[in-house]
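Here is the file query16.txt (compact mmCIF, C-alpha atoms).
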```txt
# COMPACT_ATOMS: atom_id res chain seq x y z
CA MET A 265 -39.94 117.97 59.86
CA ARG A 266 -41.28 119.98 62.81
CA HIS A 267 -38.03 121.96 62.76
CA TYR A 268 -39.12 123.70 59.56
CA PRO A 269 -41.42 126.76 59.37
CA PRO A 270 -45.19 126.02 59.26
CA SER A 271 -45.72 126.98 55.60
CA LEU A 272 -42.86 124.69 54.56
CA ILE A 273 -44.33 121.87 56.65
CA ALA A 274 -47.68 122.49 54.93
CA LEU A 275 -46.04 122.09 51.51
CA ILE A 276 -44.19 118.93 52.62
CA ARG A 277 -47.53 117.48 53.84
CA GLN A 278 -49.24 118.33 50.54
CA LEU A 279 -46.41 116.78 48.51
CA SER A 280 -46.35 113.59 50.62
CA ARG A 281 -49.99 112.99 49.64
CA LEU A 282 -48.86 112.37 46.06
CA PRO A 283 -48.44 108.69 45.11
CA GLY A 284 -44.96 107.27 45.73
CA ILE A 285 -43.76 110.38 47.54
CA GLY A 286 -42.73 109.77 51.15
CA GLU A 287 -41.85 112.39 53.75
CA LYS A 288 -38.14 112.38 52.85
CA THR A 289 -38.74 112.89 49.13
CA ALA A 290 -41.42 115.49 49.87
CA THR A 291 -38.93 117.41 52.05
CA ARG A 292 -36.34 117.30 49.27
CA LEU A 293 -38.89 118.53 46.71
CA ALA A 294 -40.18 121.29 49.03
CA LEU A 295 -36.64 122.55 49.71
CA HIS A 296 -36.00 122.53 45.95
CA ILE A 297 -39.18 124.53 45.29
CA LEU A 298 -38.12 126.97 48.00
CA LYS A 299 -34.72 127.43 46.35
CA ALA A 300 -36.15 127.65 42.82
CA SER A 301 -36.79 131.05 41.26
CA ASP A 302 -40.13 132.72 42.04
CA ARG A 303 -41.00 132.33 38.36
CA ASP A 304 -40.43 128.56 38.34
CA ALA A 305 -42.35 127.97 41.57
CA ARG A 306 -45.25 130.10 40.33
CA ALA A 307 -45.24 128.23 37.01
CA LEU A 308 -45.61 124.92 38.89
CA ALA A 309 -48.44 126.21 41.10
CA ASP A 310 -50.20 127.82 38.14
CA SER A 311 -50.02 124.68 36.03
CA ILE A 312 -51.69 122.74 38.86
CA HIS A 313 -54.50 125.31 38.85
CA ALA A 314 -54.71 125.25 35.04
CA VAL A 315 -54.97 121.47 34.88
CA LYS A 316 -57.84 121.45 37.36
CA GLU A 317 -59.64 124.30 35.65
CA LYS A 318 -59.22 123.46 31.97
CA ILE A 319 -59.13 119.68 31.69
CA HIS A 320 -62.34 117.68 31.56
CA PHE A 321 -63.49 114.38 30.08
CA CYS A 322 -64.11 114.34 26.33
CA PRO A 323 -67.85 113.66 25.85
CA GLY A 324 -66.94 111.34 22.97
CA CYS A 325 -64.39 108.97 24.48
CA PHE A 326 -64.04 110.11 28.14
CA GLY A 327 -60.36 110.75 27.58
CA LEU A 328 -58.78 113.96 28.87
CA THR A 329 -59.07 117.19 26.92
CA ASP A 330 -59.19 120.95 27.30
CA GLN A 331 -61.27 121.31 24.11
CA PRO A 332 -65.01 120.68 23.63
CA LEU A 333 -64.06 117.38 21.93
CA CYS A 334 -60.62 115.70 22.23
CA HIS A 335 -58.16 115.85 19.33
CA ILE A 336 -58.70 112.18 18.50
CA CYS A 337 -62.54 112.25 18.45
CA ASN A 338 -62.28 115.48 16.45
CA ASP A 339 -59.84 114.11 13.86
CA PRO A 340 -61.54 113.42 10.47
CA ASP A 341 -58.64 111.11 9.55
CA ARG A 342 -59.37 108.72 12.43
CA ILE A 343 -61.73 105.81 11.78
CA GLN A 344 -64.69 106.77 13.98
CA LYS A 345 -66.35 103.36 13.50
CA LEU A 346 -63.43 101.58 15.16
CA VAL A 347 -63.57 101.99 18.96
CA CYS A 348 -60.77 100.81 21.23
CA VAL A 349 -61.89 100.30 24.85
CA VAL A 350 -59.19 101.01 27.44
CA GLU A 351 -59.15 101.13 31.24
CA GLN A 352 -57.44 104.45 31.80
CA THR A 353 -56.31 107.56 29.95
CA ASP A 354 -52.66 106.52 30.26
CA ASP A 355 -53.45 103.25 28.46
CA MET A 356 -54.84 105.42 25.64
CA ALA A 357 -51.58 107.40 25.64
CA SER A 358 -49.58 104.13 25.48
CA ILE A 359 -51.48 102.91 22.42
CA GLU A 360 -51.17 106.33 20.76
CA LYS A 361 -47.41 106.17 21.35
CA SER A 362 -47.22 102.86 19.49
CA GLY A 363 -48.65 104.73 16.47
CA SER A 364 -50.43 101.58 15.27
CA PHE A 365 -54.06 102.53 15.81
CA GLN A 366 -56.15 104.68 13.50
CA GLY A 367 -59.50 104.39 15.27
CA VAL A 368 -60.91 106.19 18.30
CA TYR A 369 -61.14 105.32 21.99
CA HIS A 370 -63.49 104.70 24.86
CA VAL A 371 -61.98 105.12 28.32
CA LEU A 372 -63.74 103.06 31.00
CA HIS A 373 -61.97 104.75 33.94
CA GLY A 374 -61.62 101.49 35.81
CA THR A 375 -62.28 97.78 35.63
CA LEU A 376 -64.93 95.58 37.15
CA SER A 377 -63.73 94.41 40.53
CA PRO A 378 -66.45 92.77 42.65
CA MET A 379 -63.87 92.23 45.45
CA ASN A 380 -63.51 96.01 45.74
CA GLY A 381 -67.19 96.65 45.15
CA ILE A 382 -66.68 98.12 41.66
CA GLY A 383 -69.53 97.17 39.35
CA PRO A 384 -70.54 98.24 35.80
CA ASP A 385 -72.20 101.40 37.16
CA ASP A 386 -68.91 102.60 38.66
CA ILE A 387 -67.09 102.68 35.31
CA ARG A 388 -68.02 104.28 31.96
CA PHE A 389 -69.66 101.08 30.71
CA GLN A 390 -73.22 102.25 30.01
CA GLU A 391 -71.76 105.10 27.95
CA LEU A 392 -70.04 102.48 25.77
CA VAL A 393 -73.29 100.55 25.30
CA ASP A 394 -75.13 103.78 24.40
CA ARG A 395 -72.41 104.70 21.91
CA VAL A 396 -72.54 101.27 20.22
CA GLN A 397 -76.35 101.24 20.23
CA LYS A 398 -76.42 104.49 18.25
CA GLY A 399 -75.21 102.29 15.38
CA ASN A 400 -72.17 104.24 14.23
CA VAL A 401 -69.71 101.69 15.59
CA GLN A 402 -68.52 98.82 13.39
CA GLU A 403 -65.96 97.20 15.66
CA VAL A 404 -65.17 97.39 19.39
CA ILE A 405 -61.59 96.40 20.25
CA ILE A 406 -61.29 95.53 23.94
CA ALA A 407 -57.84 96.63 25.13
CA THR A 408 -58.24 96.22 28.87
CA SER A 409 -55.23 94.76 30.72
CA THR A 410 -54.69 91.00 30.72
CA ASN A 411 -54.82 90.71 34.50
CA VAL A 412 -57.81 89.26 36.37
CA GLU A 413 -59.86 92.46 36.50
CA GLY A 414 -59.05 93.40 32.90
CA GLU A 415 -60.04 89.95 31.60
CA ALA A 416 -63.24 89.90 33.67
CA THR A 417 -64.15 93.33 32.33
CA ALA A 418 -63.46 92.14 28.77
CA VAL A 419 -65.69 89.08 29.22
CA TYR A 420 -68.47 91.24 30.69
CA ILE A 421 -68.29 93.72 27.80
CA VAL A 422 -68.40 90.88 25.23
CA GLU A 423 -71.46 89.39 26.94
CA GLN A 424 -73.30 92.68 27.13
CA LEU A 425 -72.48 93.72 23.56
CA SER A 426 -73.47 90.32 22.13
CA ARG A 427 -77.09 91.57 21.95
CA ILE A 428 -76.07 94.37 19.61
CA PRO A 429 -74.97 93.63 16.01
CA VAL A 430 -71.36 94.80 16.34
CA LYS A 431 -68.02 93.06 15.87
CA VAL A 432 -66.20 92.71 19.19
CA THR A 433 -62.49 91.89 19.23
CA ARG A 434 -59.83 91.55 21.91
CA ILE A 435 -56.21 92.63 21.55
CA ALA A 436 -53.96 89.61 20.95
CA SER A 437 -52.25 88.11 23.95
CA GLY A 438 -48.87 89.29 22.82
CA VAL A 439 -49.23 91.29 25.98
CA PRO A 440 -47.68 89.22 28.81
CA MET A 441 -50.34 87.75 31.11
CA GLY A 442 -50.69 89.58 34.41
CA GLY A 443 -49.18 92.68 32.84
CA ASP A 444 -50.28 96.26 33.08
CA LEU A 445 -50.75 98.03 29.72
CA LYS A 446 -48.67 101.05 30.55
CA PHE A 447 -45.54 98.97 31.20
CA VAL A 448 -45.70 97.10 27.89
CA ASP A 449 -43.20 98.00 25.19
CA GLN A 450 -44.53 99.57 22.02
CA VAL A 451 -43.64 96.72 19.65
CA THR A 452 -45.63 94.25 21.75
CA LEU A 453 -48.55 96.67 21.87
CA LYS A 454 -48.47 97.10 18.11
CA CYS A 455 -48.35 93.31 17.66
CA ALA A 456 -51.23 92.87 20.07
CA LEU A 457 -53.34 95.34 18.11
CA GLU A 458 -52.55 93.80 14.72
CA ARG A 459 -53.32 90.26 15.87
CA ARG A 460 -56.59 91.01 17.59
CA TYR A 461 -59.01 88.09 17.22
CA GLU A 462 -62.76 87.83 17.22
CA TYR A 463 -64.25 86.90 20.56
CA MET B 189 -46.75 112.67 26.47
CA ARG B 190 -47.82 114.65 23.39
CA HIS B 191 -51.08 112.68 23.42
CA TYR B 192 -52.25 114.59 26.50
CA PRO B 193 -53.94 118.02 26.46
CA PRO B 194 -51.55 121.03 26.49
CA SER B 195 -52.26 122.12 30.08
CA LEU B 196 -51.57 118.58 31.32
CA ILE B 197 -48.32 118.49 29.32
CA ALA B 198 -47.39 121.84 30.91
CA LEU B 199 -47.89 120.39 34.40
CA ILE B 200 -45.88 117.25 33.50
CA ARG B 201 -43.04 119.49 32.24
CA GLN B 202 -43.09 121.56 35.44
CA LEU B 203 -43.09 118.45 37.63
CA SER B 204 -40.22 116.83 35.69
CA ARG B 205 -38.04 119.82 36.58
CA LEU B 206 -38.12 118.73 40.23
CA PRO B 207 -35.07 116.73 41.37
CA GLY B 208 -35.36 112.96 40.93
CA ILE B 209 -38.64 113.21 38.99
CA GLY B 210 -38.47 111.84 35.45
CA GLU B 211 -41.12 112.09 32.75
CA LYS B 212 -42.85 108.85 33.78
CA THR B 213 -43.12 109.82 37.46
CA ALA B 214 -44.18 113.34 36.48
CA THR B 215 -46.95 111.89 34.31
CA ARG B 216 -48.13 109.69 37.17
CA LEU B 217 -48.13 112.64 39.58
CA ALA B 218 -49.91 114.92 37.10
CA LEU B 219 -52.65 112.33 36.47
CA HIS B 220 -53.02 111.94 40.24
CA ILE B 221 -53.37 115.70 40.70
CA LEU B 222 -55.94 115.73 37.91
CA LYS B 223 -57.95 113.01 39.64
CA ALA B 224 -57.61 114.56 43.11
CA SER B 225 -60.37 116.75 44.46
CA ASP B 226 -60.31 120.43 43.50
CA ARG B 227 -59.68 121.23 47.15
CA ASP B 228 -56.59 119.01 47.38
CA ALA B 229 -55.09 120.28 44.13
CA ARG B 230 -55.71 123.89 45.14
CA ALA B 231 -54.14 123.22 48.57
CA LEU B 232 -50.98 121.94 46.86
CA ALA B 233 -50.75 124.91 44.50
CA ASP B 234 -51.48 127.36 47.31
CA SER B 235 -48.83 125.89 49.59
CA ILE B 236 -46.25 126.34 46.83
CA HIS B 237 -47.25 130.01 46.60
CA ALA B 238 -47.22 130.35 50.42
CA VAL B 239 -43.75 128.86 50.76
CA LYS B 240 -42.33 131.28 48.21
CA GLU B 241 -44.09 134.26 49.73
CA LYS B 242 -43.65 133.68 53.46
CA ILE B 243 -40.36 131.86 53.95
CA HIS B 244 -37.10 133.81 54.10
CA PHE B 245 -33.70 133.39 55.73
CA CYS B 246 -33.51 134.07 59.46
CA PRO B 247 -31.22 137.11 59.90
CA GLY B 248 -29.65 135.37 62.92
CA CYS B 249 -28.67 131.96 61.59
CA PHE B 250 -29.71 132.00 57.89
CA GLY B 251 -31.99 129.05 58.50
CA LEU B 252 -35.52 129.05 57.08
CA THR B 253 -38.32 130.86 58.85
CA ASP B 254 -41.60 132.68 58.26
CA GLN B 255 -41.10 134.84 61.38
CA PRO B 256 -38.83 137.91 61.81
CA LEU B 257 -36.39 135.61 63.71
CA CYS B 258 -36.44 131.78 63.59
CA HIS B 259 -37.81 129.81 66.54
CA ILE B 260 -34.31 128.64 67.54
CA CYS B 261 -32.63 132.09 67.49
CA ASN B 262 -35.70 133.43 69.31
CA ASP B 263 -35.68 130.76 72.04
CA PRO B 264 -34.42 132.12 75.40
CA ASP B 265 -33.71 128.53 76.53
CA ARG B 266 -31.14 127.95 73.77
CA ILE B 267 -27.49 128.75 74.51
CA GLN B 268 -26.93 131.70 72.19
CA LYS B 269 -23.14 131.65 72.79
CA LEU B 270 -22.80 128.16 71.31
CA VAL B 271 -22.97 128.28 67.48
CA CYS B 272 -23.10 125.14 65.35
CA VAL B 273 -22.03 125.74 61.71
CA VAL B 274 -23.81 123.54 59.16
CA GLU B 275 -23.80 123.39 55.37
CA GLN B 276 -27.53 123.34 54.67
CA THR B 277 -30.87 123.83 56.40
CA ASP B 278 -31.58 120.09 56.25
CA ASP B 279 -28.36 119.41 58.21
CA MET B 280 -29.77 121.75 60.86
CA ALA B 281 -33.00 119.73 60.85
CA SER B 282 -31.00 116.48 61.24
CA ILE B 283 -29.17 117.79 64.30
CA GLU B 284 -32.43 119.13 65.78
CA LYS B 285 -33.99 115.68 65.28
CA SER B 286 -31.16 114.13 67.33
CA GLY B 287 -32.30 116.36 70.20
CA SER B 288 -28.73 116.58 71.50
CA PHE B 289 -27.90 120.22 70.84
CA GLN B 290 -28.95 123.17 72.97
CA GLY B 291 -27.10 125.95 71.16
CA VAL B 292 -27.96 127.89 68.00
CA TYR B 293 -26.95 127.49 64.35
CA HIS B 294 -25.25 129.19 61.46
CA VAL B 295 -26.19 127.87 58.01
CA LEU B 296 -23.47 128.39 55.37
CA HIS B 297 -25.69 127.46 52.40
CA GLY B 298 -22.88 125.61 50.69
CA THR B 299 -19.27 124.52 51.02
CA LEU B 300 -16.07 125.83 49.54
CA SER B 301 -15.45 124.10 46.23
CA PRO B 302 -12.73 125.73 44.12
CA MET B 303 -13.30 123.10 41.39
CA ASN B 304 -16.84 124.44 40.95
CA GLY B 305 -15.79 128.05 41.44
CA ILE B 306 -17.43 128.35 44.86
CA GLY B 307 -15.36 130.57 47.17
CA PRO B 308 -15.96 132.11 50.63
CA ASP B 309 -18.00 134.94 49.08
CA ASP B 310 -20.50 132.48 47.62
CA ILE B 311 -21.49 131.04 51.00
CA ARG B 312 -22.59 132.74 54.25
CA PHE B 313 -19.02 132.82 55.60
CA GLN B 314 -18.49 136.56 56.17
CA GLU B 315 -21.76 136.62 58.13
CA LEU B 316 -20.27 133.99 60.48
CA VAL B 317 -17.09 136.05 60.97
CA ASP B 318 -19.16 139.19 61.66
CA ARG B 319 -21.28 137.30 64.18
CA VAL B 320 -18.23 135.93 66.03
CA GLN B 321 -16.47 139.32 65.93
CA LYS B 322 -19.41 140.94 67.73
CA GLY B 323 -18.09 139.01 70.75
CA ASN B 324 -21.24 137.21 71.88
CA VAL B 325 -20.02 133.78 70.71
CA GLN B 326 -18.08 131.50 73.06
CA GLU B 327 -17.71 128.38 70.94
CA VAL B 328 -18.11 127.60 67.23
CA ILE B 329 -18.80 123.91 66.49
CA ILE B 330 -18.05 123.11 62.84
CA ALA B 331 -20.54 120.48 61.71
CA THR B 332 -19.87 120.48 57.97
CA SER B 333 -19.83 117.09 56.24
CA THR B 334 -16.74 114.89 56.45
CA ASN B 335 -16.29 114.72 52.66
CA VAL B 336 -13.60 116.65 50.74
CA GLU B 337 -15.56 119.92 50.44
CA GLY B 338 -16.87 119.77 54.02
CA GLU B 339 -13.37 119.14 55.44
CA ALA B 340 -11.83 121.90 53.30
CA THR B 341 -14.53 124.32 54.47
CA ALA B 342 -13.89 123.32 58.10
CA VAL B 343 -10.14 123.90 57.73
CA TYR B 344 -10.77 127.31 56.11
CA ILE B 345 -13.15 128.39 58.89
CA VAL B 346 -10.65 127.30 61.61
CA GLU B 347 -7.89 129.31 59.91
CA GLN B 348 -9.98 132.44 59.49
CA LEU B 349 -11.40 132.32 63.03
CA SER B 350 -7.96 131.76 64.60
CA ARG B 351 -7.46 135.56 64.63
CA ILE B 352 -10.50 136.01 66.85
CA PRO B 353 -10.45 134.85 70.52
CA VAL B 354 -13.12 132.15 70.21
CA LYS B 355 -13.09 128.38 70.85
CA VAL B 356 -13.49 126.45 67.57
CA THR B 357 -14.38 122.73 67.65
CA ARG B 358 -15.21 120.09 65.03
CA ILE B 359 -17.80 117.31 65.42
CA ALA B 360 -16.18 113.92 66.14
CA SER B 361 -15.63 111.42 63.33
CA GLY B 362 -15.56 107.68 63.87
CA VAL B 363 -17.51 104.47 63.57
CA PRO B 364 -21.27 105.17 63.44
CA MET B 365 -23.19 104.02 66.51
CA GLY B 366 -24.84 100.66 66.02
CA GLY B 367 -22.57 100.05 63.04
CA ASP B 368 -20.78 96.84 62.19
CA LEU B 369 -17.01 97.31 62.01
CA LYS B 370 -16.68 95.30 58.82
CA PHE B 371 -18.89 97.73 56.90
CA VAL B 372 -16.93 100.79 57.97
CA ASP B 373 -14.46 102.19 55.43
CA GLN B 374 -10.75 102.30 56.24
CA VAL B 375 -10.40 106.05 56.45
CA THR B 376 -13.16 106.18 59.09
CA LEU B 377 -11.60 103.28 60.98
CA LYS B 378 -8.20 104.96 60.96
CA CYS B 379 -9.78 108.16 62.20
CA ALA B 380 -11.72 106.27 64.89
CA LEU B 381 -8.52 104.63 66.12
CA GLU B 382 -6.48 107.86 66.11
CA ARG B 383 -9.12 109.80 68.03
CA ARG B 384 -9.77 107.02 70.54
CA TYR B 385 -10.65 108.34 74.00
CA GLU B 386 -10.16 106.92 77.48
CA TYR B 387 -13.18 105.07 78.85
```
Encoding of this model in structure tokens:
Amino acid sequence: MRHYPPSLIALIRQLSRLPGIGEKTATRLALHILKASDRDARALADSIHAVKEKIHFCPGCFGLTDQPLCHICNDPDRIQKLVCVVEQTDDMASIEKSGSFQGVYHVLHGTLSPMNGIGPDDIRFQELVDRVQKGNVQEVIIATSTNVEGEATAVYIVEQLSRIPVKVTRIASGVPMGGDLKFVDQVTLKCALERRYEY
Amino acid sequence: MRHYPPSLIALIRQLSRLPGIGEKTATRLALHILKASDRDARALADSIHAVKEKIHFCPGCFGLTDQPLCHICNDPDRIQKLVCVVEQTDDMASIEKSGSFQGVYHVLHGTLSPMNGIGPDDIRFQELVDRVQKGNVQEVIIATSTNVEGEATAVYIVEQLSRIPVKVTRIASGVPMGGDLKFVDQVTLKCALERRYEY
């Protein structure tokens, strides 16, 4: 790598910081960017800037948006009383893709993981409690992953919400145990949503 | 993907245009960039800009540089009369990594490929002839790949340079060092046997 000019090395270093991109792939990508038209390279750099400038968390569901409120929270056709709790924004995208959910979301941005020192204060849990306590929520569907952390988080949420008069359900275990939501096929996801059971 | 905000979708689209990056990987990278610190994201975008602005072809060897002349062409310790012809800048980097070459380079930026309509005018071939004709070159080592296009390009260069009084050599082909004979293809083995040298 040291045989390349400094600014190219700088780009290779920046690219290798991305997840799953090693030095070899980063070099290939950097050489591609170098060969690409000025317009294409600028478009890539500008869209990185734009994403960091425009996108923020929706104050309703903590999903990603570039509007004051995300398009789901803002949609009058969505059932605002039905809140689906997910770990990450890409889990929300997976459920949306399945097209089987008409409610709204709450993104936790993580799971409880005492081993890694992640407690309820490190995820958007209190925000969920506040939202439910306001009384506009009829049902909370917990759609965290079915792995250890996801299950533990689900159990914790059920326990904490038991003091509030709200129906709490869990997506059906059509989702394979130990699986990660974003790798689940859409039919299974749809099935898991339809067969949710009361905790 | 359509469930993400427009500026995030724009970044995913830009990233999926990179070689070997599909929509899923692009989404993962975009979400990582979004989560990264402002400083890191800006550093990535800025290095893309910098690469496009600063890096150009070295007028000596057509390698990449951000200086008037690349560090190899500019190095008084390198043997300027010994020119190694390679297909691409990354081939140059591979040879540099081996640390076994003290001469300078000439990057063709491609190989002859009549099937794809790539002729001598589409690669930096005339520039090589001009350089040799100036009379400062003693030996041209052809280090193009040993595939069909690389071999055809080597043969063409030998033919064209035969009119000029210059020594033209080709890198040796044979069994890779540290390789197991049973994994070597028959063409390579045949070549290795034919070009055997006295110990």
Distance-based interface of chain B with chain A, 6 Å, counting only C-alpha atoms, as a VMD selection string: chain B and resid 191 193 195 to 196 199 202 232 to 233 235 239 253 281
For Ser333 of chain B: contacts at 9 Å, all atoms listed in the file, fewer than 6 positions along chain excluded, given as a list in words: Val274, Glu275, Glu339 and Ala342 of chain B
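One finds atom CA of His370 of chain A at 14.9 Å from atom CA of Asp339 of chain A.
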All residues 6 Å or closer to segment 295-309 of chain B, all atoms listed in the file, same chain fewer than 4 positions away omitted, as a PyMOL selection string: chain B and resi 249-251+273-276+313+337+341
Closest of A:Arg342, A:Lys454, A:Lys288, A:Arg395 to Ile428 of chain A - atom-to-atom distances counting only C-alpha atoms: A:Arg395
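When atom CA of Val317 of chain B is paired with atom CA of Ser288 of chain B, their separation reads 25.0 Å.
Considering only C-alpha atoms, the residue among B:Cys272, B:Val372, B:Ala380, B:Ile311 positioned nearest to Ala331 of chain B is B:Cys272.
Between atom CA of Glu382 of chain B and atom CA of Ser361 of chain B the separation is 10.2 Å.
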Complete the atom set of segment 300-320 of chain B to N, CA, C and O atoms and return it as a PDB file, keeping the file's coordinate frame.
```
ATOM      1  N   LEU B 300     -17.094 125.355  50.454  1.00  0.00           N
ATOM      2  CA  LEU B 300     -16.070 125.830  49.540  1.00  0.00           C
ATOM      3  C   LEU B 300     -15.811 124.725  48.530  1.00  0.00           C
ATOM      4  O   LEU B 300     -15.723 123.555  48.903  1.00  0.00           O
ATOM      5  N   SER B 301     -15.722 125.087  47.264  1.00  0.00           N
ATOM      6  CA  SER B 301     -15.450 124.100  46.230  1.00  0.00           C
ATOM      7  C   SER B 301     -14.781 124.796  45.060  1.00  0.00           C
ATOM      8  O   SER B 301     -15.444 125.162  44.082  1.00  0.00           O
ATOM      9  N   PRO B 302     -13.435 124.984  45.156  1.00  0.00           N
ATOM     10  CA  PRO B 302     -12.730 125.730  44.120  1.00  0.00           C
ATOM     11  C   PRO B 302     -12.931 125.121  42.727  1.00  0.00           C
ATOM     12  O   PRO B 302     -13.004 125.839  41.733  1.00  0.00           O
ATOM     13  N   MET B 303     -13.075 123.779  42.679  1.00  0.00           N
ATOM     14  CA  MET B 303     -13.300 123.100  41.390  1.00  0.00           C
ATOM     15  C   MET B 303     -14.559 123.611  40.711  1.00  0.00           C
ATOM     16  O   MET B 303     -14.640 123.696  39.488  1.00  0.00           O
ATOM     17  N   ASN B 304     -15.587 123.943  41.501  1.00  0.00           N
ATOM     18  CA  ASN B 304     -16.840 124.440  40.950  1.00  0.00           C
ATOM     19  C   ASN B 304     -16.936 125.960  41.044  1.00  0.00           C
ATOM     20  O   ASN B 304     -18.013 126.528  40.872  1.00  0.00           O
ATOM     21  N   GLY B 305     -15.818 126.586  41.373  1.00  0.00           N
ATOM     22  CA  GLY B 305     -15.790 128.050  41.440  1.00  0.00           C
ATOM     23  C   GLY B 305     -16.555 128.632  42.613  1.00  0.00           C
ATOM     24  O   GLY B 305     -17.017 129.766  42.557  1.00  0.00           O
ATOM     25  N   ILE B 306     -16.715 127.838  43.692  1.00  0.00           N
ATOM     26  CA  ILE B 306     -17.430 128.350  44.860  1.00  0.00           C
ATOM     27  C   ILE B 306     -16.416 128.754  45.938  1.00  0.00           C
ATOM     28  O   ILE B 306     -15.711 127.902  46.498  1.00  0.00           O
ATOM     29  N   GLY B 307     -16.292 130.042  46.182  1.00  0.00           N
ATOM     30  CA  GLY B 307     -15.360 130.570  47.170  1.00  0.00           C
ATOM     31  C   GLY B 307     -16.086 131.066  48.406  1.00  0.00           C
ATOM     32  O   GLY B 307     -17.318 130.957  48.493  1.00  0.00           O
ATOM     33  N   PRO B 308     -15.356 131.645  49.371  1.00  0.00           N
ATOM     34  CA  PRO B 308     -15.960 132.110  50.630  1.00  0.00           C
ATOM     35  C   PRO B 308     -17.071 133.145  50.416  1.00  0.00           C
ATOM     36  O   PRO B 308     -18.005 133.217  51.218  1.00  0.00           O
ATOM     37  N   ASP B 309     -16.986 133.914  49.313  1.00  0.00           N
ATOM     38  CA  ASP B 309     -18.000 134.940  49.080  1.00  0.00           C
ATOM     39  C   ASP B 309     -19.314 134.358  48.577  1.00  0.00           C
ATOM     40  O   ASP B 309     -20.339 135.044  48.550  1.00  0.00           O
ATOM     41  N   ASP B 310     -19.287 133.094  48.157  1.00  0.00           N
ATOM     42  CA  ASP B 310     -20.500 132.480  47.620  1.00  0.00           C
ATOM     43  C   ASP B 310     -21.315 131.774  48.698  1.00  0.00           C
ATOM     44  O   ASP B 310     -22.418 131.311  48.442  1.00  0.00           O
ATOM     45  N   ILE B 311     -20.736 131.648  49.897  1.00  0.00           N
ATOM     46  CA  ILE B 311     -21.490 131.040  51.000  1.00  0.00           C
ATOM     47  C   ILE B 311     -21.589 132.070  52.139  1.00  0.00           C
ATOM     48  O   ILE B 311     -20.968 133.127  52.067  1.00  0.00           O
ATOM     49  N   ARG B 312     -22.374 131.770  53.169  1.00  0.00           N
ATOM     50  CA  ARG B 312     -22.590 132.740  54.250  1.00  0.00           C
ATOM     51  C   ARG B 312     -21.424 132.696  55.243  1.00  0.00           C
ATOM     52  O   ARG B 312     -21.623 132.401  56.427  1.00  0.00           O
ATOM     53  N   PHE B 313     -20.191 132.914  54.744  1.00  0.00           N
ATOM     54  CA  PHE B 313     -19.020 132.820  55.600  1.00  0.00           C
ATOM     55  C   PHE B 313     -18.744 134.141  56.318  1.00  0.00           C
ATOM     56  O   PHE B 313     -18.510 134.184  57.529  1.00  0.00           O
ATOM     57  N   GLN B 314     -18.783 135.247  55.567  1.00  0.00           N
ATOM     58  CA  GLN B 314     -18.490 136.560  56.170  1.00  0.00           C
ATOM     59  C   GLN B 314     -19.472 136.861  57.295  1.00  0.00           C
ATOM     60  O   GLN B 314     -19.110 137.433  58.323  1.00  0.00           O
ATOM     61  N   GLU B 315     -20.729 136.419  57.116  1.00  0.00           N
ATOM     62  CA  GLU B 315     -21.760 136.620  58.130  1.00  0.00           C
ATOM     63  C   GLU B 315     -21.390 135.902  59.430  1.00  0.00           C
ATOM     64  O   GLU B 315     -21.669 136.387  60.524  1.00  0.00           O
ATOM     65  N   LEU B 316     -20.724 134.729  59.295  1.00  0.00           N
ATOM     66  CA  LEU B 316     -20.270 133.990  60.480  1.00  0.00           C
ATOM     67  C   LEU B 316     -19.158 134.768  61.191  1.00  0.00           C
ATOM     68  O   LEU B 316     -19.186 134.937  62.423  1.00  0.00           O
ATOM     69  N   VAL B 317     -18.196 135.272  60.403  1.00  0.00           N
ATOM     70  CA  VAL B 317     -17.090 136.050  60.970  1.00  0.00           C
ATOM     71  C   VAL B 317     -17.645 137.276  61.700  1.00  0.00           C
ATOM     72  O   VAL B 317     -17.269 137.550  62.849  1.00  0.00           O
ATOM     73  N   ASP B 318     -18.569 137.992  61.045  1.00  0.00           N
ATOM     74  CA  ASP B 318     -19.160 139.190  61.660  1.00  0.00           C
ATOM     75  C   ASP B 318     -19.828 138.844  62.987  1.00  0.00           C
ATOM     76  O   ASP B 318     -19.681 139.569  63.975  1.00  0.00           O
ATOM     77  N   ARG B 319     -20.550 137.716  62.983  1.00  0.00           N
ATOM     78  CA  ARG B 319     -21.280 137.300  64.180  1.00  0.00           C
ATOM     79  C   ARG B 319     -20.304 136.990  65.321  1.00  0.00           C
ATOM     80  O   ARG B 319     -20.551 137.376  66.468  1.00  0.00           O
ATOM     81  N   VAL B 320     -19.217 136.298  65.002  1.00  0.00           N
ATOM     82  CA  VAL B 320     -18.230 135.930  66.030  1.00  0.00           C
ATOM     83  C   VAL B 320     -17.508 137.194  66.512  1.00  0.00           C
ATOM     84  O   VAL B 320     -17.255 137.348  67.709  1.00  0.00           O
TER      85      VAL B 320
END
```
